[in-house]
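First comes the structure, then the notes that go with it.
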Amino acid sequence: MGGRRDVLKLLVAGVPAAAVAVGAETLQLRVSADKLFVTAPTLALIQGPLLQHLKNGNTASFDFNLSLWAGSKNSTRRPAFERFVVSYDLWEEKFSVAGLRKPQVSASRLTAQGVPAWCLEHISVPVTGIASNAPVWAKLEVNLVEKQNKSDSEENAINLASLVEIFSNTNRGSQRRWVFETGPTKL
Amino acid sequence: MKLRTLFTALMAVTTIWAQVPDPPENINARYTVEKVEIAPEKLMQKLSGSVKEQLKGLAGTAFDQSKLDALTSRIGEEIHSRSIVVKMEKGTTPETIRVIITVGENKAYRMNADLPRLIYHSKEVFTFGADAKFGHRGHTAMIGVLTDNDMLTERFSGLRGGYTRSRLAERHLAFGFLVESFRSQWNPAVQTALASSKDVPGIYRTRLHFEPKATITIIEPLTLQLGVSLQRLQMQYPTVRYELSSAAVGTLRFRQRWELKSGGHQDLDASYDLRSATRTLDTDFVYTRHQYQARYAIGTKKEEIAASFQAGQISGRAPLFERFVLGNSKTLRGWNKFDLDPLGGDRMAHASVDYHYRGFRTVYDAGSVWRHGQNAKVRHSIALGFLSGGPNSFTAMVAFPIRDGAIEPILMAGINF
């Protein structure tokens, strides 16, 4: 279904570069019940063409990767991963989000700004065993997920266009990714 | 024991994936579809009866994102459009929605260039193939060049072309033909082995191939391909002469991809291929060739593990291009095919486990190629390397045979292997 893929590419291409901006100071850490949560006040996922895509009744999926390093950045990373699907209620004119894991979490009647905040409340990394005075680094990476559907011919052969893509790696630095980092800091 | 451990691991991964919960529905699934429209409206006439029925069937039911996705995909295929935008808006009555599928303008003709083969192999040197395809509303014409020293015991080089008419009979039927003209070059090991194998037909200088075929979709995704393979060989010894190798061919194939809710995927590709050359086809070679293949893969965008198996058997006197070859870029990668059997075998069994994580790829192969009446000797190999993207992307690997004694690594680099 190349059409949807093309549409998504078009949409993400329109996300303002500001959304990709990395600001270490914007990732704030919070520990609750031996789990690390983060907040990113400047994380704006839904705007521009993606906002219109959702208002047309479609869905968008986001992968949230949260990582924590303690002691040094060479130490073992503690990762967390969640995928959230966002849709827009055409009659209530509010956003809805749902996670994939069981027990399945979901929320409705959210604003565009409330969506990333809600997602961040539902992803955490355990901090058991980390001394309170140990330096820690945290990284949040959010990716807009593109649906991929290959036709038979695409599966069996590489065409020249995709070969050019392979060697030029055109996906690098595209605006479908938001990265926030902080550290060294203390819990 | 190794295979059992790998199989157990594969089953465990499959079980974990099977427990992935159902997808969260689009919040608008709580509403009823009032109407589904196609824009521009005139395109409705170009859709098949079954698609029109499905469009009508959506009205009055609860909105279902997966049904809509499947339908838009099919509309795109039928209208040959890669640009489809789906828009939903409030219906005229509360709690209802209207779905508008806008199909973008499409070029009347499509042209594409494919590289089905591009491999450097330290034992086989280069294999290269390029095709140009021209498509127009279900008609596809192809012309290409190929020089392949990988798949058979010969290097075959030349031109090929073909035509396919697809999506007939409500997409249940396609037919077409393939024409190939190759010149063959032989490794000295083949000619030496032929001297002591009188039951194997000799080498040929050229090969002209014509294969008309029809593909019937029995039940999506199960297909049956039927055709006739006609090959004229210019035999080299004892005197230059032409011989005909004609066979009825049939392939039953099941191929399905499941997109998992977690963002991963599962692929299953299984086929049975039969080639039967009988005197009724006025062939100089009488034989029957069976080949079974199955591949299962599970993975995500970052990693994938695939297990594959193939086996084959030939009875009768088959020409060299029909014989089974192991020890190339897709099988027993650490072995040189001419060290295993320069003439190929009439029995073959092979299994692989292929794993890649991000840019790293490793493959374990085990298999045997042998002749009727001989004992099968199972050989193993392992390959390690890098790839630039998915399974068909640019890959560079070093493969080693698992054996006692001197080990000579084989380097492979290219795509689609």
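Following the order of the structure tokens, first chain is A, next is B, and so on, with residues numbered from 1 inside each chain and ligands from 1 in the order they appear.
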
**OP:** Specify as a ChimeraX atom specification all residues of chain B found within 6 Å of chain A, counting only C-alpha atoms.
**Re:** /B:24,26-28,73,82-84,87-88,113-116

Store the residues of this selection in a file with C-alpha atoms, as a short mmCIF file (atom, residue, chain, number, x, y, z; two decimals), in the first residue's frame.
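That gives us result.cif:
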```cif
data_model
loop_
_atom_site.label_atom_id
_atom_site.label_comp_id
_atom_site.auth_asym_id
_atom_site.auth_seq_id
_atom_site.Cartn_x
_atom_site.Cartn_y
_atom_site.Cartn_z
CA PRO B 24 -6.08 -0.57 19.80
CA ASN B 26 -9.16 3.85 16.02
CA ILE B 27 -11.33 5.78 18.49
CA ASN B 28 -13.79 6.32 15.66
CA SER B 73 -4.97 -1.30 -0.71
CA ARG B 82 0.07 4.78 -5.45
CA SER B 83 -1.57 7.90 -4.08
CA ILE B 84 -4.67 7.29 -1.99
CA LYS B 87 -10.54 11.19 4.91
CA MET B 88 -13.33 10.74 7.43
CA ALA B 113 14.41 -0.74 -13.50
CA ASP B 114 15.19 -3.69 -11.22
CA LEU B 115 18.41 -5.34 -10.16
CA PRO B 116 17.33 -8.87 -9.31
#
```

Nearby residues (only C-alpha atoms) at most 6 Å from segment 148-158 of chain B, same-chain spacing under 4 positions excluded, as a PDB file with N, CA and C atoms, in the first residue's frame:
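result.pdb written:
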```
ATOM      1  N   GLU B 124      33.043 -17.389  -7.432  1.00  0.00           N
ATOM      2  CA  GLU B 124      32.245 -17.360  -8.669  1.00  0.00           C
ATOM      3  C   GLU B 124      32.389 -16.043  -9.431  1.00  0.00           C
ATOM      4  N   THR B 127      28.007 -12.027 -10.526  1.00  0.00           N
ATOM      5  CA  THR B 127      26.702 -12.377 -11.061  1.00  0.00           C
ATOM      6  C   THR B 127      25.909 -11.083 -11.110  1.00  0.00           C
ATOM      7  N   SER B 181      17.502 -16.267 -23.761  1.00  0.00           N
ATOM      8  CA  SER B 181      18.523 -16.802 -24.661  1.00  0.00           C
ATOM      9  C   SER B 181      19.873 -16.663 -23.968  1.00  0.00           C
ATOM     10  N   PHE B 182      20.473 -17.803 -23.645  1.00  0.00           N
ATOM     11  CA  PHE B 182      21.714 -17.780 -22.873  1.00  0.00           C
ATOM     12  C   PHE B 182      22.835 -18.525 -23.590  1.00  0.00           C
ATOM     13  N   ARG B 183      24.025 -18.036 -23.359  1.00  0.00           N
ATOM     14  CA  ARG B 183      25.231 -18.759 -23.766  1.00  0.00           C
ATOM     15  C   ARG B 183      25.854 -19.299 -22.475  1.00  0.00           C
ATOM     16  N   SER B 184      26.270 -20.563 -22.508  1.00  0.00           N
ATOM     17  CA  SER B 184      26.779 -21.194 -21.292  1.00  0.00           C
ATOM     18  C   SER B 184      28.290 -21.347 -21.333  1.00  0.00           C
ATOM     19  N   GLN B 185      28.903 -21.132 -20.146  1.00  0.00           N
ATOM     20  CA  GLN B 185      30.348 -21.362 -20.000  1.00  0.00           C
ATOM     21  C   GLN B 185      30.523 -22.344 -18.841  1.00  0.00           C
ATOM     22  N   TRP B 186      31.508 -23.209 -18.978  1.00  0.00           N
ATOM     23  CA  TRP B 186      31.614 -24.311 -18.019  1.00  0.00           C
ATOM     24  C   TRP B 186      32.947 -24.286 -17.303  1.00  0.00           C
ATOM     25  N   ASN B 328      26.455 -21.984  -2.866  1.00  0.00           N
ATOM     26  CA  ASN B 328      26.445 -20.719  -3.609  1.00  0.00           C
ATOM     27  C   ASN B 328      26.034 -19.587  -2.646  1.00  0.00           C
TER      28      ASN B 328
END
```

Based on DSSP run over this structure's backbone, return all residues of segment 176-284 of chain B in alpha helix (DSSP H), as a tab-separated table (two decimals) with N, CA and C atoms, in the first residue's frame.
```tsv
chain	number	residue	atom	x	y	z
B	188	PRO	N	36.14	-26.06	-15.71
B	188	PRO	CA	36.82	-27.32	-16.09
B	188	PRO	C	36.44	-28.49	-15.19
B	189	ALA	N	36.08	-28.21	-13.93
B	189	ALA	CA	35.71	-29.30	-13.01
B	189	ALA	C	34.47	-30.04	-13.51
B	190	VAL	N	33.58	-29.32	-14.20
B	190	VAL	CA	32.36	-29.95	-14.71
B	190	VAL	C	32.73	-30.94	-15.80
B	191	GLN	N	33.59	-30.52	-16.70
B	191	GLN	CA	33.95	-31.38	-17.83
B	191	GLN	C	34.73	-32.60	-17.35
B	192	THR	N	35.57	-32.41	-16.33
B	192	THR	CA	36.32	-33.54	-15.78
B	192	THR	C	35.36	-34.53	-15.14
B	193	ALA	N	34.39	-34.02	-14.39
B	193	ALA	CA	33.43	-34.91	-13.71
B	193	ALA	C	32.54	-35.64	-14.71
B	194	LEU	N	32.23	-34.98	-15.82
B	194	LEU	CA	31.36	-35.60	-16.82
B	194	LEU	C	31.99	-36.86	-17.43
B	195	ALA	N	33.33	-36.83	-17.50
B	195	ALA	CA	34.03	-37.95	-18.12
B	195	ALA	C	33.77	-39.25	-17.35
```

For Thr128 of chain A, find every residue with an atom within 9 Å (counting only C-alpha atoms), except residues of its own chain fewer than 2 positions away, and show them as a PDB file with N, CA and C atoms, in the first residue's frame.
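Final file, selection15.pdb:
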```pdb
ATOM      1  N   ASP A  34      10.245   3.695  42.764  1.00  0.00           N
ATOM      2  CA  ASP A  34      11.417   3.009  42.182  1.00  0.00           C
ATOM      3  C   ASP A  34      11.404   2.974  40.662  1.00  0.00           C
ATOM      4  N   LYS A  35      10.695   3.879  40.037  1.00  0.00           N
ATOM      5  CA  LYS A  35      10.699   3.960  38.585  1.00  0.00           C
ATOM      6  C   LYS A  35      11.017   5.383  38.148  1.00  0.00           C
ATOM      7  N   PRO A 126      13.028   1.113  35.565  1.00  0.00           N
ATOM      8  CA  PRO A 126      13.275   0.844  36.993  1.00  0.00           C
ATOM      9  C   PRO A 126      14.616   1.424  37.438  1.00  0.00           C
ATOM     10  N   ILE A 130      20.211   1.800  41.958  1.00  0.00           N
ATOM     11  CA  ILE A 130      21.022   2.963  41.566  1.00  0.00           C
ATOM     12  C   ILE A 130      21.123   3.900  42.771  1.00  0.00           C
ATOM     13  N   ALA A 131      22.358   4.178  43.167  1.00  0.00           N
ATOM     14  CA  ALA A 131      22.574   5.065  44.324  1.00  0.00           C
ATOM     15  C   ALA A 131      22.067   6.458  43.990  1.00  0.00           C
TER      16      ALA A 131
END
```

Considering only C-alpha atoms, return as a PDB file with C-alpha atoms, in the first residue's frame whatever protein or nucleic-acid residues lie within 9 Å of segment 75-81 of chain A, sequence-local ones (same chain, fewer than 5 positions apart) excluded.
```
ATOM      1  CA  ASP A  63       7.475   4.374  19.303  1.00  0.00           C
ATOM      2  CA  PHE A  64       8.821   5.689  22.588  1.00  0.00           C
ATOM      3  CA  ASN A  65      12.288   4.501  23.644  1.00  0.00           C
ATOM      4  CA  LEU A  66      13.494   5.596  27.077  1.00  0.00           C
ATOM      5  CA  SER A  67      17.036   4.717  28.167  1.00  0.00           C
ATOM      6  CA  LEU A  68      18.903   5.225  31.414  1.00  0.00           C
ATOM      7  CA  TRP A  69      22.604   4.869  32.158  1.00  0.00           C
ATOM      8  CA  ALA A  70      23.920   4.983  35.739  1.00  0.00           C
ATOM      9  CA  ILE A 123       6.729   4.645  30.069  1.00  0.00           C
ATOM     10  CA  SER A 124       9.284   4.231  32.830  1.00  0.00           C
ATOM     11  CA  VAL A 125      12.614   2.631  33.661  1.00  0.00           C
ATOM     12  CA  PRO A 126      13.275   0.844  36.993  1.00  0.00           C
ATOM     13  CA  VAL A 127      15.903   2.567  39.143  1.00  0.00           C
TER      14      VAL A 127
END
```

**OP:** Tell me which of B:Tyr272, B:Tyr120, B:Tyr292, B:Phe285 sits closest to Ser308 of chain B, counting only C-alpha atoms.
**Re:**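 Counting only C-alpha atoms, the residue closest to Ser308 of chain B is B:Tyr292.
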
Original post:
Hey, what does DSSP flag as strand (DSSP E or B) within segment 32-143 of chain A? Can you give it to me as a PyMOL selection string?
Top reply: chain A and resi 32+35-39+60-70+78-89+94-99+106-110+125-126+136-143

Subject >> Coordinates-based distance that separates atom CA of Trp370 of chain B from atom CA of Ser271 of chain B (Å, one decimal) >> reply: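 Distance between the two atoms: 21.9 Å.
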
Original post:
By how many Å are atom CA of Ser329 of chain B and atom CA of Tyr163 of chain B apart?
Top reply: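 For atom CA of Ser329 of chain B relative to atom CA of Tyr163 of chain B, the distance reads 28.3 Å.
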
Subject >> B:Leu173, B:Arg110, B:Gln236, B:Pro201 ranked by distance to Ala214 of chain B, top pick (using only C-alpha atoms) >> reply: B:Leu173

Original post:
Leaving out Gly57 of chain B and any residue of its chain fewer than 2 positions from it, which residues lie within 12 Å of it when counting only C-alpha atoms, given as a list in words?
Top reply: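 With the cut-off at 12 Å, the set is Val33, Glu34, Lys35, Val36, Ser50, Val51, Lys52, Glu53, Gln54, Leu55, Ala59, Gly60, Thr61, Ala62, Phe63, Asp64, Lys67, Leu68 and Leu71 of chain B.
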
**OP:** Within 10 Å of Thr164 of chain B, counting only C-alpha atoms, which residues show up once you throw out same-chain ones fewer than 4 positions away? Write them as a PyMOL selection string, please.
**Re:** chain B and resi 135+138-142+174-178+212-214
